[in-house]
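Structure data follow from input_27.cif (mmCIF, C-alpha atoms and all ligand atoms):
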```
data_target
#
loop_
_atom_site.label_atom_id
_atom_site.label_comp_id
_atom_site.auth_asym_id
_atom_site.auth_seq_id
_atom_site.Cartn_x
_atom_site.Cartn_y
_atom_site.Cartn_z
CA MET A 10 -2.09 -38.80 -6.67
CA GLU A 11 -2.02 -35.27 -5.31
CA LEU A 12 -5.00 -33.78 -3.51
CA LEU A 13 -6.14 -30.36 -4.71
CA ASP A 14 -6.82 -29.08 -1.21
CA GLY A 15 -9.46 -26.37 -1.60
CA LYS A 16 -9.86 -25.95 2.14
CA LYS A 17 -6.15 -25.17 2.54
CA VAL A 18 -5.84 -22.92 -0.51
CA SER A 19 -9.05 -21.04 0.34
CA ASN A 20 -7.62 -20.31 3.79
CA GLN A 21 -4.43 -18.98 2.17
CA ILE A 22 -6.50 -16.73 -0.09
CA LYS A 23 -8.59 -15.49 2.82
CA THR A 24 -5.37 -14.67 4.73
CA GLU A 25 -4.11 -12.72 1.72
CA ILE A 26 -7.38 -10.79 1.47
CA ALA A 27 -7.42 -10.13 5.23
CA ALA A 28 -3.95 -8.53 4.89
CA GLU A 29 -5.28 -6.21 2.16
CA VAL A 30 -8.28 -5.29 4.31
CA ALA A 31 -6.00 -4.53 7.28
CA LYS A 32 -4.03 -2.12 5.05
CA MET A 33 -7.26 -0.41 4.01
CA ARG A 34 -8.22 0.02 7.66
CA ASP A 35 -4.78 1.40 8.52
CA ARG A 36 -5.12 3.98 5.77
CA GLY A 37 -8.51 4.97 7.19
CA GLU A 38 -10.31 3.72 4.08
CA LYS A 39 -13.67 2.05 3.83
CA VAL A 40 -13.45 -1.77 3.90
CA PRO A 41 -15.25 -4.01 1.35
CA HIS A 42 -18.94 -4.63 2.00
CA LEU A 43 -20.66 -7.72 0.56
CA ALA A 44 -24.42 -8.33 0.67
CA ALA A 45 -26.31 -11.53 -0.09
CA VAL A 46 -29.99 -11.79 -0.89
CA ILE A 47 -31.71 -15.07 -0.21
CA VAL A 48 -35.35 -15.72 -1.06
CA GLY A 49 -36.90 -18.57 0.94
CA SER A 50 -35.25 -20.86 3.45
CA ASP A 51 -33.76 -23.80 1.54
CA GLY A 52 -31.36 -25.57 3.92
CA ALA A 53 -28.38 -25.89 1.56
CA SER A 54 -28.72 -22.26 0.42
CA LEU A 55 -28.80 -21.05 4.01
CA THR A 56 -25.65 -23.07 4.80
CA TYR A 57 -23.80 -21.53 1.87
CA VAL A 58 -24.89 -17.97 2.64
CA GLY A 59 -24.15 -18.50 6.34
CA SER A 60 -20.57 -19.58 5.68
CA LYS A 61 -20.13 -16.55 3.45
CA VAL A 62 -21.17 -14.21 6.27
CA ARG A 63 -18.77 -16.02 8.66
CA SER A 64 -15.92 -15.67 6.15
CA CYS A 65 -16.62 -11.94 5.83
CA GLN A 66 -16.30 -11.55 9.59
CA GLN A 67 -13.09 -13.61 9.59
CA ILE A 68 -11.33 -11.38 7.06
CA GLY A 69 -12.69 -8.02 8.18
CA PHE A 70 -15.31 -7.32 5.48
CA GLU A 71 -18.65 -5.76 6.28
CA SER A 72 -21.52 -8.06 5.37
CA THR A 73 -25.28 -7.80 5.07
CA LEU A 74 -27.72 -10.66 4.79
CA VAL A 75 -31.08 -9.87 3.21
CA GLN A 76 -33.52 -12.68 3.88
CA LEU A 77 -36.87 -12.51 2.07
CA PRO A 78 -39.82 -14.91 2.42
CA SER A 79 -40.36 -17.57 -0.25
CA THR A 80 -43.60 -15.79 -1.25
CA THR A 81 -41.69 -12.62 -2.31
CA SER A 82 -42.89 -11.27 -5.66
CA GLU A 83 -40.53 -10.48 -8.52
CA GLN A 84 -41.35 -6.79 -8.15
CA GLU A 85 -40.43 -6.80 -4.45
CA LEU A 86 -37.12 -8.51 -5.20
CA LEU A 87 -36.35 -6.06 -8.03
CA LYS A 88 -37.04 -3.18 -5.63
CA LYS A 89 -34.58 -4.64 -3.11
CA ILE A 90 -31.96 -5.04 -5.86
CA GLU A 91 -32.42 -1.41 -6.87
CA GLU A 92 -31.86 -0.36 -3.24
CA LEU A 93 -28.61 -2.34 -3.14
CA ASN A 94 -27.56 -0.85 -6.50
CA GLN A 95 -28.09 2.66 -5.10
CA ASP A 96 -26.51 2.01 -1.68
CA ALA A 97 -23.03 3.55 -1.92
CA ASP A 98 -21.81 1.53 1.06
CA ILE A 99 -22.38 -1.84 -0.68
CA ASP A 100 -19.48 -2.83 -2.97
CA GLY A 101 -20.93 -6.07 -4.23
CA PHE A 102 -23.90 -8.38 -3.76
CA ILE A 103 -25.24 -11.71 -4.90
CA VAL A 104 -28.77 -13.06 -5.26
CA GLN A 105 -28.69 -16.70 -4.25
CA LEU A 106 -29.95 -19.09 -6.96
CA PRO A 107 -32.23 -20.91 -7.63
CA LEU A 108 -35.14 -18.50 -7.08
CA PRO A 109 -38.78 -19.49 -6.39
CA GLU A 110 -40.77 -20.12 -9.55
CA GLN A 111 -42.81 -16.87 -9.42
CA ILE A 112 -39.56 -14.96 -10.03
CA ASN A 113 -37.93 -14.70 -13.46
CA GLU A 114 -34.20 -15.33 -13.03
CA GLN A 115 -33.18 -13.51 -16.21
CA ARG A 116 -34.93 -10.26 -15.20
CA VAL A 117 -33.26 -10.47 -11.79
CA LEU A 118 -29.76 -10.97 -13.21
CA LEU A 119 -30.27 -8.07 -15.62
CA ALA A 120 -31.33 -5.78 -12.75
CA ILE A 121 -28.03 -6.13 -10.84
CA ASP A 122 -25.57 -3.27 -11.41
CA PRO A 123 -22.69 -4.93 -13.35
CA ASP A 124 -20.19 -3.02 -11.17
CA LYS A 125 -21.60 -4.77 -8.09
CA ASP A 126 -22.20 -8.16 -9.72
CA VAL A 127 -19.55 -10.14 -7.83
CA ASP A 128 -21.12 -13.42 -9.05
CA GLY A 129 -20.28 -12.37 -12.63
CA PHE A 130 -23.69 -13.52 -13.92
CA HIS A 131 -24.84 -10.25 -15.56
CA PRO A 132 -24.67 -10.54 -19.39
CA THR A 133 -22.26 -7.59 -19.52
CA ASN A 134 -19.81 -9.37 -17.24
CA PHE A 135 -20.38 -12.79 -18.79
CA GLY A 136 -19.75 -11.27 -22.22
CA LYS A 137 -16.58 -9.56 -21.04
CA MET A 138 -15.35 -12.87 -19.66
CA ALA A 139 -15.95 -14.56 -23.01
CA LEU A 140 -14.07 -11.73 -24.76
CA ASP A 141 -11.03 -11.89 -22.41
CA MET A 142 -11.84 -8.47 -20.95
CA SER A 143 -11.24 -7.68 -17.29
CA THR A 144 -14.39 -8.43 -15.25
CA PHE A 145 -15.80 -10.49 -12.36
CA ILE A 146 -15.31 -14.18 -13.15
CA PRO A 147 -18.03 -16.44 -11.64
CA ALA A 148 -16.74 -17.67 -8.28
CA THR A 149 -16.85 -21.44 -8.83
CA PRO A 150 -14.97 -21.50 -12.18
CA PHE A 151 -12.62 -18.80 -10.82
CA GLY A 152 -11.90 -21.03 -7.81
CA ILE A 153 -11.12 -23.99 -10.06
CA LEU A 154 -8.70 -21.88 -12.16
CA GLU A 155 -7.01 -20.70 -8.96
CA LEU A 156 -6.57 -24.31 -7.76
CA LEU A 157 -5.08 -25.36 -11.12
CA GLU A 158 -2.73 -22.39 -10.98
CA ARG A 159 -1.55 -22.82 -7.40
CA TYR A 160 -0.86 -26.54 -7.94
CA LYS A 161 0.79 -25.76 -11.31
CA VAL A 162 -1.46 -28.21 -13.18
CA GLU A 163 -0.65 -28.24 -16.92
CA THR A 164 -3.74 -27.34 -18.98
CA GLN A 165 -2.14 -26.24 -22.25
CA GLY A 166 -2.97 -28.56 -25.14
CA LYS A 167 -4.90 -30.88 -22.81
CA HIS A 168 -8.36 -32.22 -23.56
CA THR A 169 -10.75 -30.90 -20.93
CA VAL A 170 -14.20 -32.48 -20.65
CA VAL A 171 -16.76 -30.40 -18.72
CA ILE A 172 -19.87 -32.29 -17.61
CA GLY A 173 -22.88 -29.98 -17.13
CA ARG A 174 -23.68 -26.69 -18.91
CA SER A 175 -25.29 -24.54 -16.20
CA HIS A 176 -24.87 -20.77 -16.39
CA ILE A 177 -23.09 -20.71 -13.05
CA VAL A 178 -20.54 -23.52 -13.49
CA GLY A 179 -20.30 -25.65 -16.65
CA ARG A 180 -20.82 -22.99 -19.32
CA PRO A 181 -18.36 -20.41 -17.94
CA MET A 182 -15.87 -23.18 -17.12
CA SER A 183 -15.89 -24.37 -20.73
CA ILE A 184 -15.18 -20.83 -21.94
CA LEU A 185 -12.40 -20.21 -19.42
CA MET A 186 -10.52 -23.46 -20.07
CA GLY A 187 -10.44 -22.68 -23.78
CA ARG A 188 -9.17 -19.12 -23.39
CA LYS A 189 -5.68 -18.08 -24.36
CA GLY A 190 -3.04 -18.37 -21.63
CA TRP A 191 -2.72 -20.47 -18.53
CA PRO A 192 -4.75 -21.93 -16.91
CA GLY A 193 -6.40 -22.33 -20.31
CA ASN A 194 -5.20 -23.18 -23.83
CA SER A 195 -7.16 -26.38 -23.37
CA THR A 196 -9.26 -28.17 -26.00
CA VAL A 197 -12.72 -28.25 -24.47
CA THR A 198 -15.69 -30.58 -24.85
CA LEU A 199 -18.86 -29.43 -23.09
CA THR A 200 -21.19 -32.34 -22.31
CA HIS A 201 -24.74 -32.51 -20.90
CA SER A 202 -27.76 -34.80 -20.64
CA HIS A 203 -28.16 -35.02 -24.45
CA THR A 204 -24.53 -35.99 -25.11
CA LYS A 205 -24.18 -39.32 -26.92
CA ASN A 206 -21.34 -41.69 -25.95
CA ILE A 207 -20.50 -39.58 -22.92
CA THR A 208 -18.50 -42.43 -21.33
CA GLN A 209 -16.29 -42.65 -24.39
CA ILE A 210 -15.74 -38.87 -24.42
CA ILE A 211 -14.85 -38.82 -20.72
CA SER A 212 -12.37 -41.66 -21.22
CA GLN A 213 -10.41 -39.39 -23.60
CA ALA A 214 -10.15 -36.53 -21.12
CA ASP A 215 -6.91 -35.32 -19.59
CA ILE A 216 -8.96 -33.09 -17.29
CA VAL A 217 -12.53 -33.86 -16.16
CA ILE A 218 -14.65 -31.13 -14.56
CA SER A 219 -17.81 -32.72 -13.22
CA ALA A 220 -20.74 -30.39 -12.42
CA LEU A 221 -23.97 -32.36 -12.59
CA GLY A 222 -25.00 -33.14 -9.03
CA VAL A 223 -25.32 -36.91 -9.46
CA PRO A 224 -23.53 -38.89 -6.70
CA ASN A 225 -21.15 -41.60 -7.96
CA PHE A 226 -21.61 -40.56 -11.59
CA LEU A 227 -17.89 -40.64 -12.35
CA LYS A 228 -16.40 -44.09 -11.82
CA ALA A 229 -12.83 -45.34 -12.07
CA GLU A 230 -13.38 -47.34 -15.27
CA MET A 231 -14.52 -44.17 -17.07
CA VAL A 232 -11.32 -42.15 -16.57
CA LYS A 233 -7.89 -42.29 -18.15
CA ASP A 234 -4.83 -43.11 -16.03
CA GLY A 235 -3.28 -39.89 -14.76
CA ALA A 236 -6.33 -37.71 -15.42
CA VAL A 237 -6.98 -34.52 -13.42
CA ILE A 238 -10.37 -34.75 -11.67
CA ILE A 239 -12.33 -31.70 -10.50
CA ASP A 240 -15.51 -32.58 -8.59
CA VAL A 241 -17.95 -29.65 -8.40
CA GLY A 242 -21.03 -31.66 -7.43
CA ILE A 243 -22.59 -31.21 -4.00
CA THR A 244 -25.43 -33.52 -2.97
CA ARG A 245 -26.89 -33.85 0.50
CA VAL A 246 -27.61 -37.47 1.33
CA PRO A 247 -29.96 -38.02 4.32
CA ASP A 248 -28.24 -40.11 7.02
CA GLU A 249 -29.56 -40.30 10.57
CA THR A 250 -26.24 -41.53 11.94
CA LYS A 251 -24.68 -38.13 11.11
CA GLU A 252 -24.87 -35.21 13.50
CA LYS A 253 -26.53 -32.94 10.93
CA GLY A 254 -28.85 -35.70 9.66
CA TYR A 255 -27.06 -35.81 6.28
CA TYR A 256 -23.65 -36.02 4.67
CA ILE A 257 -22.50 -34.31 1.49
CA THR A 258 -21.01 -36.05 -1.51
CA GLY A 259 -19.71 -35.04 -4.93
CA ASP A 260 -20.22 -36.58 -8.39
CA VAL A 261 -17.06 -38.71 -8.18
CA ASP A 262 -16.47 -42.16 -6.68
CA PHE A 263 -13.49 -40.67 -4.86
CA GLU A 264 -12.15 -43.87 -3.32
CA ASN A 265 -11.62 -45.61 -6.66
CA VAL A 266 -11.11 -42.67 -9.03
CA SER A 267 -8.37 -41.20 -6.82
CA LYS A 268 -6.27 -44.33 -7.44
CA LYS A 269 -6.06 -43.43 -11.16
CA ALA A 270 -5.97 -39.64 -10.94
CA SER A 271 -2.86 -37.43 -11.00
CA PHE A 272 -4.74 -34.64 -9.17
CA ILE A 273 -8.20 -34.75 -7.59
CA THR A 274 -10.45 -32.45 -5.51
CA PRO A 275 -12.24 -33.91 -2.46
CA VAL A 276 -15.86 -33.19 -1.48
CA PRO A 277 -16.20 -31.57 0.98
CA GLY A 278 -13.07 -29.42 1.14
CA GLY A 279 -12.42 -28.97 -2.60
CA VAL A 280 -14.23 -26.63 -4.96
CA GLY A 281 -16.85 -25.46 -2.37
CA PRO A 282 -14.51 -23.49 -0.08
CA MET A 283 -12.72 -22.08 -3.17
CA THR A 284 -16.06 -20.68 -4.40
CA ILE A 285 -16.46 -18.70 -1.20
CA ALA A 286 -12.85 -17.45 -1.26
CA MET A 287 -13.20 -16.20 -4.87
CA LEU A 288 -16.48 -14.44 -4.10
CA LEU A 289 -14.58 -12.54 -1.41
CA LYS A 290 -11.77 -11.84 -3.89
CA ASN A 291 -14.30 -10.42 -6.37
CA THR A 292 -15.71 -8.20 -3.60
CA LEU A 293 -12.21 -6.89 -2.80
CA LEU A 294 -11.79 -6.18 -6.51
CA ALA A 295 -15.15 -4.36 -6.57
CA ARG A 296 -14.07 -2.14 -3.64
CA GLU A 297 -10.76 -1.30 -5.36
CA ARG A 298 -12.58 -0.41 -8.59
CA HIS A 299 -15.13 1.76 -6.77
CA ARG A 300 -12.31 3.56 -4.93
CA SER A 301 -10.34 4.34 -8.06
CA LYS A 302 -13.49 5.66 -9.80
CA LYS A 303 -13.92 8.39 -7.23
N1 LIG A 401 -18.90 -26.58 -5.16
C1 LIG A 401 -19.50 -25.45 -5.53
O1 LIG A 401 -19.01 -24.39 -5.25
C2 LIG A 401 -20.75 -25.51 -6.31
C3 LIG A 401 -21.39 -26.70 -6.45
N2 LIG A 401 -22.52 -26.81 -7.20
C4 LIG A 401 -23.07 -28.16 -7.36
O2 LIG A 401 -22.73 -28.62 -8.65
C5 LIG A 401 -23.76 -29.44 -9.18
C6 LIG A 401 -24.25 -28.85 -10.48
O3 LIG A 401 -24.89 -27.64 -10.24
P1 LIG A 401 -25.25 -26.60 -11.42
O4 LIG A 401 -24.04 -26.29 -12.18
O5 LIG A 401 -26.04 -25.55 -10.79
O6 LIG A 401 -26.05 -27.52 -12.40
P2 LIG A 401 -27.58 -27.71 -12.81
O7 LIG A 401 -28.24 -28.60 -11.82
O8 LIG A 401 -28.17 -26.41 -13.18
O9 LIG A 401 -27.31 -28.51 -14.14
C7 LIG A 401 -26.80 -29.80 -14.18
C8 LIG A 401 -26.15 -30.05 -15.53
O10 LIG A 401 -25.77 -31.42 -15.58
C9 LIG A 401 -26.30 -32.03 -16.77
N3 LIG A 401 -26.64 -33.41 -16.48
C10 LIG A 401 -27.53 -33.89 -15.57
N4 LIG A 401 -27.55 -35.23 -15.58
C11 LIG A 401 -26.65 -35.63 -16.52
C12 LIG A 401 -26.21 -36.88 -17.00
N5 LIG A 401 -26.68 -38.03 -16.50
N6 LIG A 401 -25.27 -36.91 -17.96
C13 LIG A 401 -24.76 -35.76 -18.45
N7 LIG A 401 -25.13 -34.53 -18.04
C14 LIG A 401 -26.07 -34.46 -17.08
C15 LIG A 401 -27.54 -31.22 -17.13
O11 LIG A 401 -27.81 -31.35 -18.52
P3 LIG A 401 -28.99 -30.51 -19.26
O12 LIG A 401 -28.45 -29.12 -19.42
O13 LIG A 401 -29.16 -31.20 -20.55
O14 LIG A 401 -30.17 -30.57 -18.34
C16 LIG A 401 -27.10 -29.80 -16.72
O15 LIG A 401 -26.38 -29.19 -17.76
C17 LIG A 401 -24.81 -29.52 -8.09
O16 LIG A 401 -24.56 -30.65 -7.31
C18 LIG A 401 -24.56 -28.26 -7.28
O17 LIG A 401 -24.99 -28.39 -5.94
C19 LIG A 401 -23.02 -25.73 -7.87
C20 LIG A 401 -22.43 -24.50 -7.75
C21 LIG A 401 -21.25 -24.29 -6.93
N1 LIG A 402 -25.92 -16.55 -6.85
C1 LIG A 402 -25.34 -17.71 -6.51
N2 LIG A 402 -23.98 -17.81 -6.49
C2 LIG A 402 -23.38 -19.00 -6.16
O1 LIG A 402 -22.13 -19.09 -6.16
C3 LIG A 402 -24.19 -20.12 -5.80
C4 LIG A 402 -25.59 -19.95 -5.83
N3 LIG A 402 -26.12 -18.76 -6.22
N4 LIG A 402 -26.40 -20.98 -5.55
C5 LIG A 402 -25.91 -22.26 -5.07
C6 LIG A 402 -24.51 -22.56 -5.54
C7 LIG A 402 -23.81 -23.56 -4.66
N5 LIG A 402 -22.66 -22.89 -4.12
C8 LIG A 402 -21.79 -23.44 -3.16
C9 LIG A 402 -20.80 -22.71 -2.54
C10 LIG A 402 -20.02 -23.22 -1.53
C11 LIG A 402 -20.18 -24.52 -1.10
C12 LIG A 402 -19.34 -25.06 0.00
O2 LIG A 402 -18.67 -24.32 0.72
N6 LIG A 402 -19.32 -26.38 0.24
C13 LIG A 402 -18.59 -27.02 1.32
C14 LIG A 402 -19.50 -27.86 2.18
C15 LIG A 402 -20.78 -27.20 2.61
C16 LIG A 402 -21.73 -28.14 3.36
O3 LIG A 402 -21.31 -28.77 4.35
O4 LIG A 402 -22.94 -28.22 2.97
C17 LIG A 402 -17.51 -27.94 0.73
O5 LIG A 402 -17.64 -28.35 -0.42
O6 LIG A 402 -16.56 -28.26 1.44
C18 LIG A 402 -21.15 -25.29 -1.72
C19 LIG A 402 -21.94 -24.75 -2.73
C20 LIG A 402 -22.65 -21.62 -4.59
N7 LIG A 402 -23.67 -21.35 -5.40
#
```

Would you encode the structure as structure tokens?
Amino acid sequence: MELLDGKKVSNQIKTEIAAEVAKMRDRGEKVPHLAAVIVGSDGASLTYVGSKVRSCQQIGFESTLVQLPSTTSEQELLKKIEELNQDADIDGFIVQLPLPEQINEQRVLLAIDPDKDVDGFHPTNFGKMALDMSTFIPATPFGILELLERYKVETQGKHTVVIGRSHIVGRPMSILMGRKGWPGNSTVTLTHSHTKNITQIISQADIVISALGVPNFLKAEMVKDGAVIIDVGITRVPDETKEKGYYITGDVDFENVSKKASFITPVPGGVGPMTIAMLLKNTLLARERHRSKK
């Protein structure tokens, strides 16, 4: 079994990006500027956005955190998005999901300038991705592709089973694994809560990408010997013996599944840190595109 070490690879990627930023500075150019909008104060969302801001500082990006109260109206959020769209200093921004129920997510995603949509959730960018055109690839699937590539995991002709069909992980992942080229050229089955015989389908998978958010969902008896296991799930489990009052766990029974797997991602330290690194990569890309437009 080989560990797909997202912590290590994400640090390599951040070092690579930092070197690019240093060159920009040396040439007297503007450095990339990423903004994040967060509505409300959900603990997990704040952790994620906080580590993004820290990473920006680490690699020399400018960063802006826009924190709005949970009572923010859709109109107020749309106004903020328009400001960020118009702000020439901002290269890219994300609006942290999920949003409070008074705000329509689709209208928000449509309002973001596709050239600044470093999450890759705008329909224009999502469509380009599905059509193999150059665009921003959503950070979590992009991070998984990068891990597969750096560890030279064979995907061609393999049966990939994706569990979960969310717009931010499962759906784009299923499209990307089936695209031409490598990592890709995979035969993909996209499963969800209405899938019949899901255990049987998973047992046929060469590659399992689990993105449901159910701890211990994937057990050793469900997977084939030698399968590649990607665990996207992140669940906070309350535990008073831990310093933070909780620990985080993925969807996979790591201890037992890792004995059968050829490659496996840990949680924490797998897909999560890769997501942050690829968001930074998309922001660097956004800066380069904005520069060459002028
Ligand atoms: N590591 C990272 O960087 C990231 C981690 N995450 C984590 O990944 C997990 C998934 O998040 P997200 O993609 O937003 O997913 P959602 O919570 O939006 O959706 C979950 C998906 O799983 C499916 N599902 C739920 N229960 C079952 C079941 N018992 N059997 C089969 N399918 C099931 C649902 O089916 P249906 O569509 O039918 O409801 C749905 O498609 C969460 O734990 C989240 O915290 C998310 C983003 C990034
Ligand atoms: N617009 C938007 N874009 C997103 O990309 C997005 C989002 N909304 N909403 C929520 C999900 C979730 N997500 C994570 C990113 C990093 C970690 C991460 O770094 N996890 C660490 C542990 C973090 C901890 O200790 O809690 C790890 O796995 O090692 C987790 C989750 C991005 N998301």

Among listed residues A:Gly69, A:Gly101, A:Pro192, A:Pro147, nearest ligand LIG 401 (chain A) (using only C-alpha atoms and all ligand atoms):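 Going through A:Gly69, A:Gly101, A:Pro192, A:Pro147 one by one, the smallest distance to ligand LIG 401 (chain A) is for A:Pro147.
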
Show me which residues line ligand LIG 402 (chain A), defined as having an atom within 6 Å of a ligand atom where only C-alpha atoms and all ligand atoms count, and present them as a CSV table (one decimal) with C-alpha atoms, in the frame of the given file.
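The result, written out as part01.csv:
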```csv
chain,number,residue,atom,x,y,z
A,57,TYR,CA,-23.8,-21.5,1.9
A,103,ILE,CA,-25.2,-11.7,-4.9
A,104,VAL,CA,-28.8,-13.1,-5.3
A,105,GLN,CA,-28.7,-16.7,-4.2
A,106,LEU,CA,-30.0,-19.1,-7.0
A,128,ASP,CA,-21.1,-13.4,-9.0
A,148,ALA,CA,-16.7,-17.7,-8.3
A,276,VAL,CA,-15.9,-33.2,-1.5
A,277,PRO,CA,-16.2,-31.6,1.0
A,278,GLY,CA,-13.1,-29.4,1.1
A,279,GLY,CA,-12.4,-29.0,-2.6
A,280,VAL,CA,-14.2,-26.6,-5.0
A,281,GLY,CA,-16.8,-25.5,-2.4
A,282,PRO,CA,-14.5,-23.5,-0.1
A,284,THR,CA,-16.1,-20.7,-4.4
A,285,ILE,CA,-16.5,-18.7,-1.2
```

Contacts of Ser50 (chain A) at 10 Å (all atoms listed in the file; same-chain gap of 2+ positions) as a list of chain:residue names: A:Ile47, A:Val48, A:Gly52, A:Ala53, A:Ser54, A:Leu55, A:Thr56, A:Gln76, A:Leu77, A:Pro78, A:Ser79

For the contact check between chain A and ligand LIG 401 (chain A), emit one row per residue of chain A within 9 Å, containing the shortest atom pair and the distance in Å rounded to one decimal, counting only C-alpha atoms and all ligand atoms, chain then rising number order, as a Markdown table.
```
| residue | atom | partner | partner_atom | distance |
| --- | --- | --- | --- | --- |
| A:Ala53 | CA | A:LIG401 | O17 | 8.6 |
| A:Leu106 | CA | A:LIG401 | O5 | 8.5 |
| A:Pro107 | CA | A:LIG401 | O5 | 8.4 |
| A:Ala148 | CA | A:LIG401 | O1 | 7.7 |
| A:Thr149 | CA | A:LIG401 | O1 | 5.1 |
| A:Pro150 | CA | A:LIG401 | O1 | 8.5 |
| A:Gly152 | CA | A:LIG401 | O1 | 8.3 |
| A:Ile172 | CA | A:LIG401 | N7 | 5.7 |
| A:Gly173 | CA | A:LIG401 | O10 | 3.6 |
| A:Arg174 | CA | A:LIG401 | O15 | 3.9 |
| A:Ser175 | CA | A:LIG401 | O4 | 4.6 |
| A:His176 | CA | A:LIG401 | O4 | 7.0 |
| A:Ile177 | CA | A:LIG401 | O4 | 5.7 |
| A:Val178 | CA | A:LIG401 | O4 | 4.7 |
| A:Gly179 | CA | A:LIG401 | O4 | 5.9 |
| A:Arg180 | CA | A:LIG401 | O15 | 8.5 |
| A:Thr200 | CA | A:LIG401 | N7 | 6.2 |
| A:His201 | CA | A:LIG401 | N7 | 3.5 |
| A:Ser202 | CA | A:LIG401 | N7 | 3.7 |
| A:His203 | CA | A:LIG401 | O13 | 5.5 |
| A:Thr204 | CA | A:LIG401 | C13 | 6.7 |
| A:Ile207 | CA | A:LIG401 | C13 | 7.3 |
| A:Ser219 | CA | A:LIG401 | O2 | 7.9 |
| A:Ala220 | CA | A:LIG401 | C6 | 4.3 |
| A:Leu221 | CA | A:LIG401 | O10 | 3.6 |
| A:Gly222 | CA | A:LIG401 | O16 | 3.1 |
| A:Val223 | CA | A:LIG401 | O16 | 6.7 |
| A:Pro224 | CA | A:LIG401 | O16 | 8.3 |
| A:Phe226 | CA | A:LIG401 | N5 | 7.5 |
| A:Asp240 | CA | A:LIG401 | N1 | 7.7 |
| A:Val241 | CA | A:LIG401 | N1 | 4.6 |
| A:Gly242 | CA | A:LIG401 | O16 | 3.7 |
| A:Ile243 | CA | A:LIG401 | O16 | 3.9 |
| A:Thr244 | CA | A:LIG401 | O16 | 5.3 |
| A:Arg245 | CA | A:LIG401 | O17 | 8.7 |
| A:Thr258 | CA | A:LIG401 | O16 | 8.7 |
| A:Gly259 | CA | A:LIG401 | O16 | 7.0 |
| A:Asp260 | CA | A:LIG401 | O16 | 7.4 |
| A:Val276 | CA | A:LIG401 | N1 | 8.2 |
| A:Pro277 | CA | A:LIG401 | N1 | 8.4 |
| A:Gly279 | CA | A:LIG401 | N1 | 7.4 |
| A:Val280 | CA | A:LIG401 | N1 | 4.7 |
| A:Gly281 | CA | A:LIG401 | N1 | 3.6 |
| A:Pro282 | CA | A:LIG401 | O1 | 6.9 |
| A:Met283 | CA | A:LIG401 | O1 | 7.0 |
| A:Thr284 | CA | A:LIG401 | O1 | 4.8 |
| A:Ile285 | CA | A:LIG401 | O1 | 7.4 |
```

Gap from CA of Ile210 (chain A) to CA of Thr198 (chain A) - Å, one decimal: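 The value is 8.3 Å.
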
Residue with smallest distance to Met287 (chain A) - pool A:Val237, A:Met33, A:Leu119, A:Leu154, counting only C-alpha atoms: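 Looking only at the distances to Met287 (chain A), the closest residue turns out to be A:Leu154.
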
Residues within 12 Å of Thr133 (chain A), all atoms listed in the file, excluding chain neighbours under 4 positions, as a PyMOL selection string: chain A and resi 118-126+129+137-140+142-146

Output for the residues just chosen: C-alpha atoms as a compact mmCIF listing (two decimals), in the coordinates of the input:
```txt
# COMPACT_ATOMS: atom_id res chain seq x y z
CA LEU A 118 -29.76 -10.97 -13.21
CA LEU A 119 -30.27 -8.07 -15.62
CA ALA A 120 -31.33 -5.78 -12.75
CA ILE A 121 -28.03 -6.13 -10.84
CA ASP A 122 -25.57 -3.27 -11.41
CA PRO A 123 -22.69 -4.93 -13.35
CA ASP A 124 -20.19 -3.02 -11.17
CA LYS A 125 -21.60 -4.77 -8.09
CA ASP A 126 -22.20 -8.16 -9.72
CA GLY A 129 -20.28 -12.37 -12.63
CA LYS A 137 -16.58 -9.56 -21.04
CA MET A 138 -15.35 -12.87 -19.66
CA ALA A 139 -15.95 -14.56 -23.01
CA LEU A 140 -14.07 -11.73 -24.76
CA MET A 142 -11.84 -8.47 -20.95
CA SER A 143 -11.24 -7.68 -17.29
CA THR A 144 -14.39 -8.43 -15.25
CA PHE A 145 -15.80 -10.49 -12.36
CA ILE A 146 -15.31 -14.18 -13.15
```

Å distance separating CA of Phe70 (chain A) from CA of Leu108 (chain A), one decimal place: 26.0 Å

Point-to-point distance in Å for CA of His299 (chain A) and CA of Gly190 (chain A): 27.8 Å

Shell of 10 Å around Lys161 (chain A), only C-alpha atoms, local chain residues under 4 positions omitted, as a ChimeraX atom specification: /A:155-157,191-192

Exercise: Gln115 (chain A) partners within 10 Å, all atoms listed in the file, chain neighbours under 6 positions left out, as a list in words: Phe130, His131 and Pro132 of chain A

Residue nearest Thr196 (chain A) - candidates A:Ile211, A:Ser64, A:Lys167, A:Lys268, atoms counted: only C-alpha atoms: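 Answer, going by the shortest atom-to-atom distance: A:Lys167.
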
Work out where the centre of an axis-aligned box around every listed atom of region 284-290 of chain A lies and how long its edges are once 5 Å is added on each side; give both in Å to one decimal as AutoDock Vina command-line options.
```
--center_x -14.1 --center_y -16.3 --center_z -3.0 --size_x 14.7 --size_y 18.8 --size_z 13.7
```

Answer as a ChimeraX atom specification, residues within 10 Å of (-17.8, -42.9, -21.3) using all atoms listed in the file: /A:205-214,227-228,230-232
